[in-house]
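*Asks:* Quick one: structure below, then a few questions.
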Amino acid sequence: MSRAIGKTAGLGLGLAVVLTLALSVPALAAGGDLGAVDKQPVNVSAIAMFLAFVVMTLGITYWAASRTKSTSDFYTAGGGITGFQNGLAIAGDYMSAATLLGLSSLVFAKGYDGFVYTISFFVGWPIILFLLAERLRNLGHFTFADIASYRLDQNKIRTFAAIGSLTVVCFYLIVQMVGAGQLIKLLFGLDYNVAVVVVGVLMVVYVTFGGMIATTWVQIIKAVLLLGGGIALTFLALSRFGFSLEAIAKSAIASHKDGIKIMGPGTLLADPVSAVSLSLGLLFGTAALPHIMMRFFTVPNAKEARKSVFVASGFIGFFFLLVCILGMAAITIVGTDPQFFEGGIVGGKLIGGGNMPVMHLAKALGGDLFLGFLSAVAFATILAVVSGLALAGASAIAHDLYARVIRKGTATEREEMRVSKMASLVLGVLAVVLGIAFEKQNVAFLVGLTFGIAASVNFPVLILSMYWKGLTTRGALAGGLAGLVSAVTMVILSNAVWVVVLNNPAPIFPYEHPALFSMTLAFLVTIVVSKLDGSASAAAERVAFDDQFVRSQTGIGAAAASNH
Amino acid sequence: MSNPVYARVRQNPKFHELVKKRSRLALGLSAIVLVSYYTFMMVVAFAPQVLRAPLSEESALSVGFPVGAAIIVVSWLLTGVYSHFANGEFETLNDEITRETLQ
């Protein structure tokens, strides 16, 4: 059921990239910040195909509802998802609308630099497999807080981790809702508010009735549609160039205003500090997104968890390579065709904004029907992302805060289920309200904030609780707080907020991504405070690591735990 | 205060063998991915001309494209390598430990 996790991450990553680029390539600020987009004429074929998707997924939700009886079914599909299914769902999560639109438009605009970003989006997956996947599965039940609080103070650390998760979920939901409204307005010609409400209502229906089972299948279907669409479009694009990458490159050099320069690294990543900070945020922020981690609890054991990462990263890597080919092909096919530019001026502003090259490419190669199909897939993608987010948020509220912290484990299954469904409803309403409230706002900074918080607050406690015996409750709280304050401060002082939102002339913090600094600080503070912690509870926590270590390695005790 | 089941696992030499072997593989593969990725990023930042060079005299494609694609493909293959050992040899070892502990 945690399929939605990966998808959200993908969109987030796309948005993060887009955010980083916002300065140099304003038009690219798509996913989270499409800027002012013009409402397009109502696209009938796109809406028809999207309706078909909605009908199918509602059918699945109906089926899933009959199988969602326990909290375990609701949060994690009862751990009954196979490795292959989970892999496809993770891929469906990760290959989001923003990766399709954002990365291809980056390649379209910047050539090779876009490819470098694409690679940065990918390398986190092998690391998640090698260092996290099996331990997540062996230690976690339903939420990331389960792992963080495994041997630390149940109340303090669980509350802290749940709030960390909820913060990430809420910021991310705003980004998604605003992005969804803009994208749908653009692709479907629907009113912004209508689009936001449609997304919110469908999200609540999927999650409250179908839980993780429905969310998972929404993700899988979407992944298959997106892969199919991507393959078909790449085939059409390649056929224009006699199936020769060399021909695409030659033609792109001739068509692009930067000529031969697009074949090598340009100015986008010339600053190594920015590049490293961005990649750390992407790498570890992704690994610590609550809906990503939740995905690993849906498989029955560590073996299936590993298999799912292998499958997911295979599809993701393949899709990313396709996206780069599409971006290069669009340089010639879209970039030289006056019908895709405002006023027919080649090299001017692209119709619909800088994120549209791949959509225009679909129209150029496959006509209105193909464009409609891809638009419907983009909408479906957003739905799958927000469903995963809502589920992760609901589990933090119902499982961590309500059942564990407030009721100290005395809540019945029914009570917890009821709270989780109410929580998803509240999150849905909140998402719609915030989505509408933030319509005119530049929300790009929220992406930096989301990943900054995930990497600086959630990640250090996650990795240290798994790998370092010396971690104590005090250390985790102090480090988490240091990460939170520093990440938020740096984002506020960065260009995205200080200049773009607050209209100051120059940023105080010169980089877009805080991860290099805030994450390092969080680790340092956590380690120093833990070392200095001489309390009796700290000593007990250190001793408890040994048992936790055995379980994280062998999974002994994990099966029983997932049924509780 | 330790759980007797877990204490028994810790006394099993196979457990230490499993931890040692699997950790070595996981850390080794992580190092390969991270070192190659960050080396690549440093070349992008400090020596972009290396990646900008054409594949051959005639070629429009630069060296950077196959290098970048190789990073994606090789790191994916490494996830396959890890899964192969972790789900094969190590999983068998893990099953033995579980069986010996719980019997």
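Each chain in the structure tokens gets a letter, A, B, ..., in the order shown, and its residues are numbered from 1; ligands are numbered from 1 in order too.
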Should the cut-off be 7 Å, what would the residue list for chain B against chain A look like, counting only C-alpha atoms, as a list of chain:residue names?
*Replies:*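 Close enough to count are B:Ser2, B:Asn3, B:Tyr6, B:Ala26, B:Ser30, B:Met42, B:Val44, B:Ala45, B:Pro48, B:Leu51, B:Arg52, B:Ala60, B:Leu61, B:Ser62, B:Gly64, B:Gly68, B:Ile72, B:Ser75, B:Trp76, B:Thr79, B:Gly80, B:Ser83, B:Asn87, B:Asn94, B:Thr98.
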*Asks:* Find the residues around B:Thr101 up to 8 Å (only C-alpha atoms counted), leave out those fewer than 3 positions away in its own chain, and share them as a PDB file with all heavy atoms, in the first residue's frame.
*Replies:*
ATOM      1  N   VAL B   5      16.255 -14.902  22.798  1.00  0.00           N
ATOM      2  CA  VAL B   5      16.335 -15.345  21.400  1.00  0.00           C
ATOM      3  C   VAL B   5      17.463 -14.608  20.687  1.00  0.00           C
ATOM      4  O   VAL B   5      18.301 -15.192  20.001  1.00  0.00           O
ATOM      5  CB  VAL B   5      14.989 -15.094  20.681  1.00  0.00           C
ATOM      6  CG1 VAL B   5      15.140 -15.382  19.189  1.00  0.00           C
ATOM      7  CG2 VAL B   5      13.903 -15.958  21.288  1.00  0.00           C
ATOM      8  N   ARG B   8      20.852 -15.655  21.824  1.00  0.00           N
ATOM      9  CA  ARG B   8      21.265 -16.920  21.208  1.00  0.00           C
ATOM     10  C   ARG B   8      21.785 -16.686  19.779  1.00  0.00           C
ATOM     11  O   ARG B   8      22.739 -17.307  19.347  1.00  0.00           O
ATOM     12  CB  ARG B   8      20.069 -17.880  21.188  1.00  0.00           C
ATOM     13  CG  ARG B   8      20.461 -19.318  21.118  1.00  0.00           C
ATOM     14  CD  ARG B   8      19.453 -20.189  21.845  1.00  0.00           C
ATOM     15  NE  ARG B   8      18.152 -19.521  21.954  1.00  0.00           N
ATOM     16  CZ  ARG B   8      16.974 -20.123  21.825  1.00  0.00           C
ATOM     17  NH1 ARG B   8      16.918 -21.393  21.616  1.00  0.00           N
ATOM     18  NH2 ARG B   8      15.844 -19.474  21.927  1.00  0.00           N
ATOM     19  N   VAL B   9      21.135 -15.786  19.062  1.00  0.00           N
ATOM     20  CA  VAL B   9      21.600 -15.495  17.702  1.00  0.00           C
ATOM     21  C   VAL B   9      23.024 -14.944  17.745  1.00  0.00           C
ATOM     22  O   VAL B   9      23.885 -15.334  16.952  1.00  0.00           O
ATOM     23  CB  VAL B   9      20.672 -14.470  17.016  1.00  0.00           C
ATOM     24  CG1 VAL B   9      21.247 -14.053  15.664  1.00  0.00           C
ATOM     25  CG2 VAL B   9      19.279 -15.042  16.836  1.00  0.00           C
ATOM     26  N   ILE B  97      20.316 -19.604  10.436  1.00  0.00           N
ATOM     27  CA  ILE B  97      20.408 -18.965  11.752  1.00  0.00           C
ATOM     28  C   ILE B  97      19.036 -18.950  12.422  1.00  0.00           C
ATOM     29  O   ILE B  97      18.895 -19.325  13.593  1.00  0.00           O
ATOM     30  CB  ILE B  97      20.937 -17.521  11.616  1.00  0.00           C
ATOM     31  CG1 ILE B  97      22.365 -17.526  11.075  1.00  0.00           C
ATOM     32  CG2 ILE B  97      20.874 -16.790  12.952  1.00  0.00           C
ATOM     33  CD1 ILE B  97      22.852 -16.170  10.621  1.00  0.00           C
ATOM     34  N   THR B  98      18.031 -18.569  11.646  1.00  0.00           N
ATOM     35  CA  THR B  98      16.677 -18.501  12.201  1.00  0.00           C
ATOM     36  C   THR B  98      16.239 -19.881  12.697  1.00  0.00           C
ATOM     37  O   THR B  98      15.703 -20.033  13.789  1.00  0.00           O
ATOM     38  CB  THR B  98      15.694 -18.006  11.116  1.00  0.00           C
ATOM     39  OG1 THR B  98      16.236 -16.839  10.527  1.00  0.00           O
ATOM     40  CG2 THR B  98      14.335 -17.693  11.700  1.00  0.00           C
TER      41      THR B  98
END
*Asks:* For the structure I just gave you, how does DSSP split stretch 97-172 of chain A - specifically, which residues are alpha helix (DSSP H)? Reply as JSON, numbers by chain.
*Replies:* {"A": [97, 98, 104, 105, 106, 107, 108, 109, 110, 112, 113, 114, 115, 116, 117, 118, 119, 120, 121, 122, 124, 125, 126, 127, 134, 135, 136, 137, 138, 139, 144, 145, 146, 147, 148, 154, 155, 156, 157, 158, 159, 160, 161, 162, 163, 164, 165, 166, 167, 168, 169, 170, 171, 172]}
*Asks:* Show me, as number ranges by chain, the residues that have an atom within 9 Å of A:Leu493 when counting only C-alpha atoms, minus same-chain residues fewer than 3 positions from it.
*Replies:* A: 488-490, 496-499, 507-510
*Asks:* Now that the selection is made, can you save its residues with N, CA, C and O atoms as a PDB file, in the first residue's frame?
*Replies:*
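part_39.pdb, written as the output of this step:
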ATOM      1  N   VAL A 488      15.476  25.052   7.864  1.00  0.00           N
ATOM      2  CA  VAL A 488      14.457  26.080   7.647  1.00  0.00           C
ATOM      3  C   VAL A 488      15.117  27.451   7.479  1.00  0.00           C
ATOM      4  O   VAL A 488      14.803  28.209   6.550  1.00  0.00           O
ATOM      5  N   THR A 489      16.097  27.765   8.361  1.00  0.00           N
ATOM      6  CA  THR A 489      16.765  29.062   8.273  1.00  0.00           C
ATOM      7  C   THR A 489      17.462  29.234   6.927  1.00  0.00           C
ATOM      8  O   THR A 489      17.328  30.264   6.268  1.00  0.00           O
ATOM      9  N   MET A 490      18.186  28.210   6.518  1.00  0.00           N
ATOM     10  CA  MET A 490      18.927  28.338   5.259  1.00  0.00           C
ATOM     11  C   MET A 490      17.992  28.491   4.066  1.00  0.00           C
ATOM     12  O   MET A 490      18.281  29.255   3.143  1.00  0.00           O
ATOM     13  N   ALA A 496      15.314  31.294  -3.048  1.00  0.00           N
ATOM     14  CA  ALA A 496      13.919  30.914  -3.282  1.00  0.00           C
ATOM     15  C   ALA A 496      12.948  31.673  -2.373  1.00  0.00           C
ATOM     16  O   ALA A 496      11.809  31.937  -2.766  1.00  0.00           O
ATOM     17  N   VAL A 497      13.353  31.989  -1.150  1.00  0.00           N
ATOM     18  CA  VAL A 497      12.455  32.715  -0.247  1.00  0.00           C
ATOM     19  C   VAL A 497      12.901  34.169  -0.084  1.00  0.00           C
ATOM     20  O   VAL A 497      12.125  35.101  -0.274  1.00  0.00           O
ATOM     21  N   TRP A 498      14.175  34.361   0.251  1.00  0.00           N
ATOM     22  CA  TRP A 498      14.679  35.693   0.569  1.00  0.00           C
ATOM     23  C   TRP A 498      14.512  36.660  -0.603  1.00  0.00           C
ATOM     24  O   TRP A 498      14.125  37.799  -0.431  1.00  0.00           O
ATOM     25  N   VAL A 499      14.762  36.186  -1.808  1.00  0.00           N
ATOM     26  CA  VAL A 499      14.672  37.059  -2.975  1.00  0.00           C
ATOM     27  C   VAL A 499      13.311  36.922  -3.666  1.00  0.00           C
ATOM     28  O   VAL A 499      12.602  37.904  -3.866  1.00  0.00           O
ATOM     29  N   PRO A 507      20.331  36.921  -2.025  1.00  0.00           N
ATOM     30  CA  PRO A 507      20.194  35.920  -0.963  1.00  0.00           C
ATOM     31  C   PRO A 507      21.338  36.009   0.038  1.00  0.00           C
ATOM     32  O   PRO A 507      22.478  36.317  -0.333  1.00  0.00           O
ATOM     33  N   ILE A 508      21.059  35.727   1.320  1.00  0.00           N
ATOM     34  CA  ILE A 508      22.107  35.699   2.338  1.00  0.00           C
ATOM     35  C   ILE A 508      22.806  34.353   2.317  1.00  0.00           C
ATOM     36  O   ILE A 508      24.011  34.259   2.420  1.00  0.00           O
ATOM     37  N   PHE A 509      21.996  33.293   2.158  1.00  0.00           N
ATOM     38  CA  PHE A 509      22.567  31.951   1.989  1.00  0.00           C
ATOM     39  C   PHE A 509      22.667  31.694   0.484  1.00  0.00           C
ATOM     40  O   PHE A 509      21.650  31.706  -0.214  1.00  0.00           O
ATOM     41  N   PRO A 510      23.886  31.517  -0.031  1.00  0.00           N
ATOM     42  CA  PRO A 510      24.052  31.563  -1.490  1.00  0.00           C
ATOM     43  C   PRO A 510      23.597  30.316  -2.246  1.00  0.00           C
ATOM     44  O   PRO A 510      23.573  30.340  -3.473  1.00  0.00           O
TER      45      PRO A 510
END
*Asks:* Grab the atom CA of A:Ile382 to atom CA of A:Phe235 distance for me, in Å with one decimal place.
*Replies:*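 Interatomic distance, atom CA of A:Ile382 to atom CA of A:Phe235: 25.1 Å.
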*Asks:* Pick out the residues sitting within 7 Å of stretch 186-201 of chain A, and hand them over as a PyMOL selection string; count only C-alpha atoms, and ignore anything fewer than 4 positions along from it in its own chain.
*Replies:* chain A and resi 37-43+46-47+177+180-182+205+352+375+383+428+431-432+435-436
*Asks:* Could those residues be written to a file, using N, CA and C atoms, as a PDB file, in the first residue's frame?
*Replies:*
ATOM      1  N   VAL A  37       0.112  30.253 -15.649  1.00  0.00           N
ATOM      2  CA  VAL A  37      -0.107  29.524 -16.893  1.00  0.00           C
ATOM      3  C   VAL A  37      -1.449  29.928 -17.479  1.00  0.00           C
ATOM      4  N   ASP A  38      -1.480  29.928 -18.778  1.00  0.00           N
ATOM      5  CA  ASP A  38      -2.738  30.267 -19.428  1.00  0.00           C
ATOM      6  C   ASP A  38      -3.615  29.042 -19.470  1.00  0.00           C
ATOM      7  N   LYS A  39      -4.890  29.229 -19.198  1.00  0.00           N
ATOM      8  CA  LYS A  39      -5.827  28.124 -19.303  1.00  0.00           C
ATOM      9  C   LYS A  39      -5.969  27.758 -20.770  1.00  0.00           C
ATOM     10  N   GLN A  40      -5.864  26.473 -21.043  1.00  0.00           N
ATOM     11  CA  GLN A  40      -5.945  26.020 -22.424  1.00  0.00           C
ATOM     12  C   GLN A  40      -7.386  25.633 -22.745  1.00  0.00           C
ATOM     13  N   PRO A  41      -7.692  25.508 -24.060  1.00  0.00           N
ATOM     14  CA  PRO A  41      -9.033  25.045 -24.403  1.00  0.00           C
ATOM     15  C   PRO A  41      -9.281  23.656 -23.819  1.00  0.00           C
ATOM     16  N   VAL A  42     -10.538  23.339 -23.509  1.00  0.00           N
ATOM     17  CA  VAL A  42     -10.858  22.054 -22.899  1.00  0.00           C
ATOM     18  C   VAL A  42     -10.427  20.919 -23.832  1.00  0.00           C
ATOM     19  N   ASN A  43      -9.634  20.009 -23.279  1.00  0.00           N
ATOM     20  CA  ASN A  43      -9.059  18.927 -24.077  1.00  0.00           C
ATOM     21  C   ASN A  43      -9.905  17.666 -23.879  1.00  0.00           C
ATOM     22  N   ALA A  46      -8.202  14.077 -23.756  1.00  0.00           N
ATOM     23  CA  ALA A  46      -7.455  13.902 -22.504  1.00  0.00           C
ATOM     24  C   ALA A  46      -8.405  13.618 -21.353  1.00  0.00           C
ATOM     25  N   ILE A  47      -9.501  14.366 -21.289  1.00  0.00           N
ATOM     26  CA  ILE A  47     -10.449  14.173 -20.189  1.00  0.00           C
ATOM     27  C   ILE A  47     -11.103  12.794 -20.287  1.00  0.00           C
ATOM     28  N   MET A 177      -0.411  19.882  -4.779  1.00  0.00           N
ATOM     29  CA  MET A 177      -1.725  20.421  -5.119  1.00  0.00           C
ATOM     30  C   MET A 177      -1.590  21.631  -6.035  1.00  0.00           C
ATOM     31  N   ALA A 180      -0.484  20.366  -9.315  1.00  0.00           N
ATOM     32  CA  ALA A 180      -1.585  19.662  -9.976  1.00  0.00           C
ATOM     33  C   ALA A 180      -2.570  20.647 -10.588  1.00  0.00           C
ATOM     34  N   GLY A 181      -2.934  21.664  -9.802  1.00  0.00           N
ATOM     35  CA  GLY A 181      -3.882  22.651 -10.306  1.00  0.00           C
ATOM     36  C   GLY A 181      -3.378  23.328 -11.570  1.00  0.00           C
ATOM     37  N   GLN A 182      -2.111  23.731 -11.526  1.00  0.00           N
ATOM     38  CA  GLN A 182      -1.523  24.433 -12.680  1.00  0.00           C
ATOM     39  C   GLN A 182      -1.446  23.515 -13.893  1.00  0.00           C
ATOM     40  N   VAL A 205     -10.899   9.479  -1.481  1.00  0.00           N
ATOM     41  CA  VAL A 205     -11.646   8.244  -1.777  1.00  0.00           C
ATOM     42  C   VAL A 205     -10.700   7.046  -1.851  1.00  0.00           C
ATOM     43  N   GLY A 352       2.508  27.329 -23.130  1.00  0.00           N
ATOM     44  CA  GLY A 352       2.285  26.532 -21.919  1.00  0.00           C
ATOM     45  C   GLY A 352       3.450  26.568 -20.947  1.00  0.00           C
ATOM     46  N   SER A 375      -1.355  13.531 -21.219  1.00  0.00           N
ATOM     47  CA  SER A 375      -1.934  14.439 -20.221  1.00  0.00           C
ATOM     48  C   SER A 375      -2.673  13.647 -19.146  1.00  0.00           C
ATOM     49  N   LEU A 383      -2.246  12.047  -8.886  1.00  0.00           N
ATOM     50  CA  LEU A 383      -3.165  11.359  -7.969  1.00  0.00           C
ATOM     51  C   LEU A 383      -2.445  10.304  -7.143  1.00  0.00           C
ATOM     52  N   GLY A 428      -7.038  15.559   3.356  1.00  0.00           N
ATOM     53  CA  GLY A 428      -7.601  15.892   2.046  1.00  0.00           C
ATOM     54  C   GLY A 428      -8.170  17.300   2.024  1.00  0.00           C
ATOM     55  N   ALA A 431      -5.376  19.747   2.233  1.00  0.00           N
ATOM     56  CA  ALA A 431      -4.651  19.844   0.964  1.00  0.00           C
ATOM     57  C   ALA A 431      -5.400  20.739  -0.019  1.00  0.00           C
ATOM     58  N   VAL A 432      -6.718  20.583  -0.077  1.00  0.00           N
ATOM     59  CA  VAL A 432      -7.503  21.398  -1.014  1.00  0.00           C
ATOM     60  C   VAL A 432      -7.459  22.868  -0.595  1.00  0.00           C
ATOM     61  N   GLY A 435      -4.013  24.163  -1.134  1.00  0.00           N
ATOM     62  CA  GLY A 435      -3.772  24.224  -2.573  1.00  0.00           C
ATOM     63  C   GLY A 435      -4.386  25.465  -3.187  1.00  0.00           C
ATOM     64  N   ILE A 436      -5.606  25.788  -2.764  1.00  0.00           N
ATOM     65  CA  ILE A 436      -6.280  26.976  -3.306  1.00  0.00           C
ATOM     66  C   ILE A 436      -5.638  28.248  -2.740  1.00  0.00           C
TER      67      ILE A 436
END
*Asks:* Take atom CA of B:Gln49 and atom CA of B:Pro66 and report the distance between them in Å, one decimal.
*Replies:*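 Between these atoms lies a distance of 15.0 Å.
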*Asks:* Can you pull out the residues contacting A:Val426? Cut-off 12 Å, using only C-alpha atoms, and skip same-chain residues under 3 positions away; I want them as a ChimeraX atom specification.
*Replies:* /A:170,200-201,203-204,207-208,390-391,393-394,397-398,419-423,429-434
*Asks:* Which distance in Å separates atom CA of A:Leu152 and atom CA of A:Ser165, to one decimal?
*Replies:*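 Interatomic distance here is 17.3 Å.
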